[in-house]
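What follows is the content of work_26.cif (mmCIF, C-alpha atoms).
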```
data_target
#
loop_
_atom_site.group_PDB
_atom_site.id
_atom_site.type_symbol
_atom_site.label_atom_id
_atom_site.label_comp_id
_atom_site.auth_asym_id
_atom_site.auth_seq_id
_atom_site.Cartn_x
_atom_site.Cartn_y
_atom_site.Cartn_z
ATOM 1 C CA MET A 1 -126.406 -106.565 225.405
ATOM 2 C CA SER A 2 -126.485 -108.257 228.744
ATOM 3 C CA GLU A 3 -124.575 -111.009 230.440
ATOM 4 C CA THR A 4 -124.673 -114.628 229.351
ATOM 5 C CA ARG A 5 -123.974 -117.560 231.640
ATOM 6 C CA VAL A 6 -122.790 -120.902 230.347
ATOM 7 C CA ALA A 7 -122.728 -123.941 232.623
ATOM 8 C CA ILE A 8 -119.508 -125.899 232.161
ATOM 9 C CA HIS A 9 -119.632 -129.619 232.755
ATOM 10 C CA ILE A 10 -118.886 -131.589 229.574
ATOM 11 C CA ASP A 11 -116.383 -130.846 226.825
ATOM 12 C CA ALA A 12 -119.114 -129.619 224.433
ATOM 13 C CA ASP A 13 -119.774 -126.796 226.939
ATOM 14 C CA ILE A 14 -116.291 -125.455 226.163
ATOM 15 C CA ILE A 15 -117.398 -124.920 222.566
ATOM 16 C CA THR A 16 -120.623 -123.234 223.693
ATOM 17 C CA ALA A 17 -118.739 -120.897 226.056
ATOM 18 C CA ARG A 18 -116.213 -119.802 223.477
ATOM 19 C CA SER A 19 -118.871 -119.315 220.764
ATOM 20 C CA VAL A 20 -120.932 -117.148 223.136
ATOM 21 C CA GLY A 21 -117.794 -115.170 224.041
ATOM 22 C CA ARG A 22 -116.797 -114.708 220.432
ATOM 23 C CA ALA A 23 -120.287 -113.527 219.407
ATOM 24 C CA LEU A 24 -120.422 -111.029 222.289
ATOM 25 C CA ALA A 25 -116.904 -109.761 221.493
ATOM 26 C CA GLU A 26 -117.979 -109.067 217.920
ATOM 27 C CA LYS A 27 -121.118 -107.277 219.118
ATOM 28 C CA ILE A 28 -119.080 -105.108 221.492
ATOM 29 C CA GLY A 29 -116.883 -104.033 218.590
ATOM 30 C CA PHE A 30 -113.785 -106.216 218.711
ATOM 31 C CA THR A 31 -112.433 -106.760 215.207
ATOM 32 C CA GLY A 32 -109.807 -108.731 213.315
ATOM 33 C CA SER A 33 -108.218 -111.486 215.363
ATOM 34 C CA GLU A 34 -109.499 -110.138 218.699
ATOM 35 C CA PRO A 35 -112.772 -112.120 218.917
ATOM 36 C CA VAL A 36 -110.733 -115.286 218.208
ATOM 37 C CA ILE A 37 -108.177 -114.317 220.859
ATOM 38 C CA ILE A 38 -110.943 -113.802 223.445
ATOM 39 C CA ALA A 39 -112.624 -117.084 222.490
ATOM 40 C CA THR A 40 -109.304 -118.921 222.776
ATOM 41 C CA ALA A 41 -108.745 -117.550 226.294
ATOM 42 C CA ILE A 42 -112.271 -118.662 227.254
ATOM 43 C CA SER A 43 -111.561 -122.114 225.840
ATOM 44 C CA GLU A 44 -108.480 -122.495 228.037
ATOM 45 C CA ILE A 45 -110.151 -121.466 231.296
ATOM 46 C CA ALA A 46 -113.287 -123.495 230.519
ATOM 47 C CA ARG A 47 -111.135 -126.596 230.052
ATOM 48 C CA ASN A 48 -109.430 -125.868 233.378
ATOM 49 C CA ILE A 49 -112.845 -125.970 235.090
ATOM 50 C CA ILE A 50 -113.583 -129.430 233.670
ATOM 51 C CA GLU A 51 -110.059 -130.689 234.304
ATOM 52 C CA TYR A 52 -109.800 -129.615 237.936
ATOM 53 C CA ALA A 53 -113.270 -128.835 239.279
ATOM 54 C CA LYS A 54 -115.503 -131.057 237.080
ATOM 55 C CA ARG A 55 -118.112 -128.313 236.816
ATOM 56 C CA GLY A 56 -118.575 -124.596 237.055
ATOM 57 C CA GLU A 57 -119.763 -121.703 234.952
ATOM 58 C CA ILE A 58 -118.536 -118.964 232.683
ATOM 59 C CA VAL A 59 -120.157 -115.552 232.566
ATOM 60 C CA VAL A 60 -119.464 -113.070 229.782
ATOM 61 C CA ARG A 61 -120.581 -109.457 229.970
ATOM 62 C CA PRO A 62 -119.932 -106.174 228.173
ATOM 63 C CA MET A 63 -118.082 -103.485 230.157
ATOM 64 C CA HIS A 64 -118.166 -99.701 229.886
ATOM 65 C CA GLN A 65 -115.725 -97.260 231.416
ATOM 66 C CA GLY A 66 -116.167 -93.744 230.091
ATOM 67 C CA ASN A 67 -115.782 -94.128 226.347
ATOM 68 C CA ARG A 68 -114.013 -97.439 226.665
ATOM 69 C CA ARG A 69 -115.829 -100.631 225.851
ATOM 70 C CA GLY A 70 -114.669 -104.089 226.715
ATOM 71 C CA ILE A 71 -115.577 -107.612 227.622
ATOM 72 C CA LEU A 72 -115.550 -109.211 231.049
ATOM 73 C CA VAL A 73 -115.180 -112.969 231.414
ATOM 74 C CA VAL A 74 -115.642 -114.633 234.791
ATOM 75 C CA ALA A 75 -115.021 -118.360 235.273
ATOM 76 C CA LYS A 76 -116.246 -119.755 238.566
ATOM 77 C CA ASP A 77 -116.038 -123.193 240.130
ATOM 78 C CA ARG A 78 -116.352 -124.808 243.545
ATOM 79 C CA GLY A 79 -113.503 -127.189 242.892
ATOM 80 C CA PRO A 80 -110.473 -128.011 245.018
ATOM 81 C CA GLY A 81 -108.882 -124.587 244.555
ATOM 82 C CA ILE A 82 -105.317 -123.784 243.520
ATOM 83 C CA ALA A 83 -102.673 -124.311 246.206
ATOM 84 C CA ASP A 84 -99.987 -122.135 244.652
ATOM 85 C CA ILE A 85 -101.321 -119.562 242.184
ATOM 86 C CA GLU A 86 -97.865 -118.260 241.295
ATOM 87 C CA LEU A 87 -96.823 -121.774 240.311
ATOM 88 C CA ALA A 88 -100.079 -122.364 238.418
ATOM 89 C CA MET A 89 -99.370 -119.242 236.356
ATOM 90 C CA ARG A 90 -95.974 -120.553 235.277
ATOM 91 C CA ASP A 91 -95.679 -121.770 231.680
ATOM 92 C CA GLY A 92 -95.585 -125.529 231.440
ATOM 93 C CA TYR A 93 -96.627 -126.215 235.034
ATOM 94 C CA SER A 94 -99.558 -128.611 235.348
ATOM 95 C CA THR A 95 -100.868 -130.958 238.013
ATOM 96 C CA SER A 96 -102.964 -132.790 235.390
ATOM 97 C CA ARG A 97 -102.050 -134.146 231.993
ATOM 98 C CA GLY A 98 -102.470 -130.698 230.450
ATOM 99 C CA SER A 99 -99.868 -128.666 228.619
ATOM 100 C CA GLY A 100 -99.563 -126.197 231.485
ATOM 101 C CA LEU A 101 -100.277 -123.374 229.060
ATOM 102 C CA GLY A 102 -103.929 -122.799 229.926
ATOM 103 C CA LEU A 103 -103.795 -120.136 232.658
ATOM 104 C CA PRO A 104 -100.580 -118.328 231.651
ATOM 105 C CA GLY A 105 -101.685 -118.517 228.007
ATOM 106 C CA ALA A 106 -105.092 -117.031 228.787
ATOM 107 C CA ARG A 107 -103.382 -114.220 230.727
ATOM 108 C CA ARG A 108 -101.247 -113.389 227.688
ATOM 109 C CA LEU A 109 -104.344 -113.217 225.488
ATOM 110 C CA MET A 110 -106.274 -110.783 227.694
ATOM 111 C CA ASP A 111 -105.555 -107.258 229.015
ATOM 112 C CA GLU A 112 -106.363 -107.958 232.648
ATOM 113 C CA PHE A 113 -106.313 -111.262 234.455
ATOM 114 C CA ASN A 114 -106.977 -112.182 238.064
ATOM 115 C CA ILE A 115 -107.291 -115.448 239.972
ATOM 116 C CA ASP A 116 -109.000 -115.757 243.302
ATOM 117 C CA SER A 117 -108.781 -119.227 244.789
ATOM 118 C CA LYS A 118 -109.397 -120.829 248.153
ATOM 119 C CA ILE A 119 -108.428 -124.399 248.935
ATOM 120 C CA GLY A 120 -111.548 -126.527 249.254
ATOM 121 C CA LYS A 121 -113.817 -123.633 248.225
ATOM 122 C CA GLY A 122 -113.123 -123.040 244.568
ATOM 123 C CA THR A 123 -111.576 -120.751 242.038
ATOM 124 C CA THR A 124 -112.710 -117.603 240.246
ATOM 125 C CA VAL A 125 -110.804 -116.362 237.221
ATOM 126 C CA THR A 126 -111.646 -112.834 236.054
ATOM 127 C CA MET A 127 -110.411 -111.640 232.668
ATOM 128 C CA LYS A 128 -110.935 -108.351 230.844
ATOM 129 C CA LYS A 129 -110.114 -107.078 227.418
ATOM 130 C CA TRP A 130 -110.692 -103.570 226.090
ATOM 131 C CA VAL A 131 -111.586 -102.675 222.515
ATOM 132 C CA MET B 1 -119.077 -135.033 215.398
ATOM 133 C CA ARG B 2 -116.894 -137.594 213.703
ATOM 134 C CA VAL B 3 -114.460 -136.194 211.156
ATOM 135 C CA PRO B 4 -114.781 -137.840 207.718
ATOM 136 C CA ILE B 5 -111.522 -139.334 206.447
ATOM 137 C CA LEU B 6 -111.160 -139.828 202.703
ATOM 138 C CA LYS B 7 -108.729 -142.172 201.028
ATOM 139 C CA GLN B 8 -106.867 -140.963 197.973
ATOM 140 C CA GLY B 9 -104.244 -143.414 196.754
ATOM 141 C CA ASP B 10 -101.994 -143.967 199.743
ATOM 142 C CA TYR B 11 -102.933 -140.634 201.255
ATOM 143 C CA LEU B 12 -105.619 -139.971 203.850
ATOM 144 C CA ILE B 13 -107.443 -136.671 203.989
ATOM 145 C CA ALA B 14 -109.271 -135.709 207.186
ATOM 146 C CA SER B 15 -111.498 -132.759 206.533
ATOM 147 C CA ILE B 16 -112.739 -131.124 209.717
ATOM 148 C CA GLN B 17 -116.224 -129.711 209.117
ATOM 149 C CA ALA B 18 -117.076 -127.875 212.340
ATOM 150 C CA ALA B 19 -115.827 -127.134 215.856
ATOM 151 C CA LEU B 20 -114.599 -130.301 217.569
ATOM 152 C CA THR B 21 -114.944 -131.287 221.200
ATOM 153 C CA ASP B 22 -111.947 -132.745 223.015
ATOM 154 C CA ALA B 23 -113.486 -136.209 222.609
ATOM 155 C CA ASP B 24 -113.903 -135.606 218.847
ATOM 156 C CA LEU B 25 -110.229 -134.674 218.567
ATOM 157 C CA VAL B 26 -109.133 -137.823 220.368
ATOM 158 C CA GLN B 27 -111.475 -139.842 218.138
ATOM 159 C CA LEU B 28 -109.884 -138.256 215.054
ATOM 160 C CA ARG B 29 -106.432 -139.219 216.319
ATOM 161 C CA ASP B 30 -107.516 -142.825 216.864
ATOM 162 C CA ASP B 31 -109.369 -143.031 213.531
ATOM 163 C CA LEU B 32 -106.320 -141.717 211.665
ATOM 164 C CA ALA B 33 -104.031 -144.169 213.441
ATOM 165 C CA ASN B 34 -106.292 -147.114 212.593
ATOM 166 C CA MET B 35 -106.869 -146.086 208.987
ATOM 167 C CA ALA B 36 -103.194 -145.312 208.401
ATOM 168 C CA VAL B 37 -102.274 -148.850 209.435
ATOM 169 C CA ARG B 38 -105.113 -150.503 207.520
ATOM 170 C CA ASN B 39 -104.424 -148.564 204.319
ATOM 171 C CA ARG B 40 -100.646 -148.453 204.601
ATOM 172 C CA ALA B 41 -100.934 -144.677 204.236
ATOM 173 C CA ARG B 42 -97.812 -142.707 203.317
ATOM 174 C CA GLY B 43 -99.227 -139.259 203.780
ATOM 175 C CA ILE B 44 -101.989 -137.679 205.846
ATOM 176 C CA ILE B 45 -103.566 -134.281 205.494
ATOM 177 C CA VAL B 46 -105.654 -132.742 208.256
ATOM 178 C CA ASP B 47 -107.652 -129.817 206.919
ATOM 179 C CA VAL B 48 -108.483 -127.392 209.748
ATOM 180 C CA THR B 49 -109.903 -124.598 207.553
ATOM 181 C CA ALA B 50 -113.288 -124.912 209.307
ATOM 182 C CA LEU B 51 -111.823 -124.523 212.810
ATOM 183 C CA ASP B 52 -112.468 -121.003 214.076
ATOM 184 C CA ILE B 53 -110.471 -121.668 217.244
ATOM 185 C CA MET B 54 -107.517 -123.898 218.068
ATOM 186 C CA ASP B 55 -106.592 -123.999 221.713
ATOM 187 C CA SER B 56 -103.788 -125.800 223.523
ATOM 188 C CA PHE B 57 -105.659 -129.103 223.645
ATOM 189 C CA ALA B 58 -106.448 -129.102 219.909
ATOM 190 C CA LEU B 59 -102.887 -128.279 218.988
ATOM 191 C CA ARG B 60 -101.394 -130.813 221.375
ATOM 192 C CA THR B 61 -103.659 -133.552 220.032
ATOM 193 C CA LEU B 62 -102.861 -132.755 216.396
ATOM 194 C CA ARG B 63 -99.146 -132.614 217.159
ATOM 195 C CA SER B 64 -99.109 -135.950 218.914
ATOM 196 C CA THR B 65 -101.160 -137.439 216.055
ATOM 197 C CA ALA B 66 -98.548 -136.240 213.559
ATOM 198 C CA HIS B 67 -95.693 -137.636 215.657
ATOM 199 C CA MET B 68 -97.425 -140.970 216.071
ATOM 200 C CA LEU B 69 -98.128 -141.274 212.339
ATOM 201 C CA LEU B 70 -94.551 -140.353 211.484
ATOM 202 C CA MET B 71 -93.405 -143.343 213.529
ATOM 203 C CA ARG B 72 -95.536 -145.447 211.198
ATOM 204 C CA GLY B 73 -93.756 -143.912 208.217
ATOM 205 C CA ALA B 74 -96.509 -141.497 207.239
ATOM 206 C CA SER B 75 -96.013 -137.736 206.926
ATOM 207 C CA THR B 76 -98.791 -135.558 208.320
ATOM 208 C CA ILE B 77 -99.504 -132.064 207.085
ATOM 209 C CA ILE B 78 -101.914 -129.667 208.765
ATOM 210 C CA VAL B 79 -103.495 -127.363 206.221
ATOM 211 C CA GLY B 80 -105.705 -124.291 206.371
ATOM 212 C CA ILE B 81 -104.950 -122.742 209.774
ATOM 213 C CA GLN B 82 -106.853 -119.449 209.632
ATOM 214 C CA PRO B 83 -104.730 -116.288 210.074
ATOM 215 C CA GLU B 84 -106.673 -115.126 213.163
ATOM 216 C CA VAL B 85 -106.346 -118.600 214.664
ATOM 217 C CA ALA B 86 -102.598 -118.622 213.984
ATOM 218 C CA PHE B 87 -102.277 -115.206 215.629
ATOM 219 C CA ALA B 88 -104.184 -116.299 218.739
ATOM 220 C CA MET B 89 -102.137 -119.509 219.025
ATOM 221 C CA VAL B 90 -98.856 -117.599 218.888
ATOM 222 C CA GLN B 91 -100.054 -115.137 221.546
ATOM 223 C CA LEU B 92 -101.133 -118.042 223.725
ATOM 224 C CA GLY B 93 -97.611 -119.411 223.484
ATOM 225 C CA LEU B 94 -98.326 -122.478 221.366
ATOM 226 C CA ASN B 95 -96.064 -123.806 218.670
ATOM 227 C CA LEU B 96 -96.330 -126.598 216.160
ATOM 228 C CA GLY B 97 -92.871 -127.979 216.790
ATOM 229 C CA ASP B 98 -91.749 -129.806 213.673
ATOM 230 C CA THR B 99 -95.276 -130.506 212.416
ATOM 231 C CA MET B 100 -95.578 -129.654 208.725
ATOM 232 C CA THR B 101 -98.183 -127.162 207.549
ATOM 233 C CA ALA B 102 -99.429 -125.846 204.225
ATOM 234 C CA MET B 103 -101.789 -123.111 203.111
ATOM 235 C CA ASP B 104 -104.524 -125.344 201.754
ATOM 236 C CA LEU B 105 -105.357 -128.829 200.571
ATOM 237 C CA ALA B 106 -103.752 -128.397 197.133
ATOM 238 C CA GLU B 107 -100.509 -127.126 198.678
ATOM 239 C CA GLY B 108 -100.566 -129.947 201.189
ATOM 240 C CA LEU B 109 -100.914 -132.574 198.462
ATOM 241 C CA ALA B 110 -98.120 -130.944 196.457
ATOM 242 C CA LEU B 111 -95.888 -131.042 199.540
ATOM 243 C CA LEU B 112 -96.615 -134.740 200.110
ATOM 244 C CA ASN B 113 -95.896 -135.535 196.456
ATOM 245 C CA ARG B 114 -92.594 -133.657 196.568
ATOM 246 C CA ARG B 115 -91.524 -135.612 199.624
ATOM 247 C CA ARG B 116 -92.064 -138.880 197.754
ATOM 248 C CA GLU B 117 -89.943 -138.020 194.743
ATOM 249 C CA PRO B 118 -86.654 -139.919 194.655
ATOM 250 C CA ARG B 119 -83.721 -137.751 195.609
#
```
As structure tokens, what does this structure read like?
Amino acid sequence: MSETRVAIHIDADIITARSVGRALAEKIGFTGSEPVIIATAISEIARNIIEYAKRGEIVVRPMHQGNRRGILVVAKDRGPGIADIELAMRDGYSTSRGSGLGLPGARRLMDEFNIDSKIGKGTTVTMKKWV
Amino acid sequence: MRVPILKQGDYLIASIQAALTDADLVQLRDDLANMAVRNRARGIIVDVTALDIMDSFALRTLRSTAHMLLMRGASTIIVGIQPEVAFAMVQLGLNLGDTMTAMDLAEGLALLNRRREPR
């Protein structure tokens, strides 16, 4: 199992990214509703890329830490960046026509969640979930 | 992929066959609106059994479709949300509001029929 990169530009890419994420999650050993939960989180951050940055990419990769296995999801874009990350993480806050649930929702679905963003440079969202 | 919409009496049944893009979902909303008017539909069922993921955009689009159709006098019922999908949606923080749901197509039709019986 190695990493898979999915270019995100059109809405069909969202489906590709979440299918790839779901398949990898199942391979890593996630069961029950967990592969769906991971795929849903990927769907939300992939849509954010299209909504705010127009294009970017999502990388999914297995993780190992001792006996622990998990999945790492990194979403990267060179878009406008997020001015106020704390505000962006608030439920219902959106600067587009979105529901404002994307980022905070994705954080709730995953075990670890981090946003690194620089105005004018882009945004990187890193998410992890352990089996 | 365009979602096929079947007519059954004054009901419409939209049976989603595979994962839908955002554009497909918006198309489904518009198709249902147009067909509901043309056929004077009283009830609409959207079968989402084949959807392995429903994110905030999918749910928001289906909800607004149901609200819009209700204003035309047609009840919309979403049927077949998979248990794992329901679980993920709740964790994400999504809710259906007052949108009606049923387990499957048969239950959905029964619910529509019950709503039409004179009180």
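For the pair atom CA of Ala12 of chain A and atom CA of Arg90 of chain A, the interatomic distance is 27.1 Å.
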For the contact check between chain A and chain B, emit one row per residue of chain A within 9 Å, containing the shortest atom pair and the distance in Å rounded to one decimal, counting only C-alpha atoms, chain then rising number order, as a tab-separated table.
```
residue	atom	partner	partner_atom	distance
A:Asp11	CA	B:Thr21	CA	5.8
A:Ala12	CA	B:Thr21	CA	5.5
A:Asp13	CA	B:Thr21	CA	8.7
A:Ile14	CA	B:Thr21	CA	7.8
A:Ile15	CA	B:Thr21	CA	7.0
A:Arg18	CA	B:Ile53	CA	8.7
A:Gly32	CA	B:Glu84	CA	7.1
A:Ser33	CA	B:Glu84	CA	4.5
A:Glu34	CA	B:Glu84	CA	8.0
A:Pro35	CA	B:Glu84	CA	8.9
A:Val36	CA	B:Ile53	CA	6.5
A:Ile37	CA	B:Ala88	CA	4.9
A:Ile38	CA	B:Ala88	CA	8.6
A:Ala39	CA	B:Ile53	CA	7.3
A:Thr40	CA	B:Asp55	CA	5.9
A:Ala41	CA	B:Leu92	CA	8.0
A:Ser43	CA	B:Asp55	CA	6.7
A:Glu44	CA	B:Asp55	CA	6.8
A:Arg47	CA	B:Phe57	CA	8.8
A:Asp91	CA	B:Gly93	CA	8.7
A:Gly98	CA	B:Phe57	CA	7.7
A:Ser99	CA	B:Ser56	CA	7.0
A:Leu101	CA	B:Ser56	CA	7.0
A:Gly102	CA	B:Ser56	CA	7.1
A:Pro104	CA	B:Leu92	CA	8.0
A:Gly105	CA	B:Leu92	CA	4.3
A:Ala106	CA	B:Leu92	CA	6.5
A:Arg107	CA	B:Leu92	CA	8.3
A:Arg108	CA	B:Leu92	CA	6.1
A:Leu109	CA	B:Leu92	CA	6.1
```
- Message: I'd like the residues picked by the PyMOL selection byres ((chain B and resi 43) around 9) written out as a ChimeraX atom specification, using the chain letters and numbers from the file.
- Response: /B:10-13,36,41-42,44-45,69,73-77,109,112-113
Write out, as a compact mmCIF listing (two decimals), keeping the file's coordinate frame, the residues just selected, with C-alpha atoms.
```txt
# COMPACT_ATOMS: atom_id res chain seq x y z
CA ASP B 10 -101.99 -143.97 199.74
CA TYR B 11 -102.93 -140.63 201.26
CA LEU B 12 -105.62 -139.97 203.85
CA ILE B 13 -107.44 -136.67 203.99
CA ALA B 36 -103.19 -145.31 208.40
CA ALA B 41 -100.93 -144.68 204.24
CA ARG B 42 -97.81 -142.71 203.32
CA ILE B 44 -101.99 -137.68 205.85
CA ILE B 45 -103.57 -134.28 205.49
CA LEU B 69 -98.13 -141.27 212.34
CA GLY B 73 -93.76 -143.91 208.22
CA ALA B 74 -96.51 -141.50 207.24
CA SER B 75 -96.01 -137.74 206.93
CA THR B 76 -98.79 -135.56 208.32
CA ILE B 77 -99.50 -132.06 207.08
CA LEU B 109 -100.91 -132.57 198.46
CA LEU B 112 -96.62 -134.74 200.11
CA ASN B 113 -95.90 -135.54 196.46
```
- Give as a VMD selection string the residues that the PyMOL selection byres ((chain B and resi 29-35) around 9) matches when applied to the coordinates above. chain B and resid 3 5 12 14 24 to 28 36 to 41 44 61 to 62 64 to 66 68 to 69 72
Next, the residues of the selection above should be written as a short mmCIF file (atom, residue, chain, number, x, y, z; two decimals), in the coordinates of the input with C-alpha atoms.
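What landed in out_13.cif:
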```cif
data_model
loop_
_atom_site.label_atom_id
_atom_site.label_comp_id
_atom_site.auth_asym_id
_atom_site.auth_seq_id
_atom_site.Cartn_x
_atom_site.Cartn_y
_atom_site.Cartn_z
CA VAL B 3 -114.46 -136.19 211.16
CA ILE B 5 -111.52 -139.33 206.45
CA LEU B 12 -105.62 -139.97 203.85
CA ALA B 14 -109.27 -135.71 207.19
CA ASP B 24 -113.90 -135.61 218.85
CA LEU B 25 -110.23 -134.67 218.57
CA VAL B 26 -109.13 -137.82 220.37
CA GLN B 27 -111.48 -139.84 218.14
CA LEU B 28 -109.88 -138.26 215.05
CA ALA B 36 -103.19 -145.31 208.40
CA VAL B 37 -102.27 -148.85 209.44
CA ARG B 38 -105.11 -150.50 207.52
CA ASN B 39 -104.42 -148.56 204.32
CA ARG B 40 -100.65 -148.45 204.60
CA ALA B 41 -100.93 -144.68 204.24
CA ILE B 44 -101.99 -137.68 205.85
CA THR B 61 -103.66 -133.55 220.03
CA LEU B 62 -102.86 -132.76 216.40
CA SER B 64 -99.11 -135.95 218.91
CA THR B 65 -101.16 -137.44 216.06
CA ALA B 66 -98.55 -136.24 213.56
CA MET B 68 -97.42 -140.97 216.07
CA LEU B 69 -98.13 -141.27 212.34
CA ARG B 72 -95.54 -145.45 211.20
#
```
- Task: Mind listing whatever residues come within 7 Å of the point (-105.0, -123.7, 251.3)? Use only C-alpha atoms, file coordinates, and give them as a list in words.
- Result: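 Within 7 Å of (-105.0, -123.7, 251.3), the protein and nucleic acid residues are Ala83, Lys118 and Ile119 of chain A.
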- Message: Evaluated on this file, the PyMOL selection byres ((chain A and resi 25-27) around 10) picks out some residues - which ones are they, written as a ChimeraX atom specification?
- Response: /A:1,19-24,28-32,34-39,60-62,70-72,129-131
If you keep C-alpha atoms, can you output segment 35-47 of chain B as a PDB file, in the first residue's frame?
```pdb
ATOM      1  CA  MET B  35     -41.604  16.986 -13.919  1.00  0.00           C
ATOM      2  CA  ALA B  36     -43.596  17.690 -10.758  1.00  0.00           C
ATOM      3  CA  VAL B  37     -45.191  20.709 -12.425  1.00  0.00           C
ATOM      4  CA  ARG B  38     -45.776  18.977 -15.759  1.00  0.00           C
ATOM      5  CA  ASN B  39     -47.316  15.881 -14.170  1.00  0.00           C
ATOM      6  CA  ARG B  40     -49.117  17.618 -11.323  1.00  0.00           C
ATOM      7  CA  ALA B  41     -47.294  15.233  -8.986  1.00  0.00           C
ATOM      8  CA  ARG B  42     -48.605  14.827  -5.437  1.00  0.00           C
ATOM      9  CA  GLY B  43     -45.782  12.752  -4.083  1.00  0.00           C
ATOM     10  CA  ILE B  44     -42.100  12.279  -4.865  1.00  0.00           C
ATOM     11  CA  ILE B  45     -39.763   9.561  -3.724  1.00  0.00           C
ATOM     12  CA  VAL B  46     -35.999   9.908  -3.992  1.00  0.00           C
ATOM     13  CA  ASP B  47     -34.334   6.536  -3.551  1.00  0.00           C
TER      14      ASP B  47
END
```
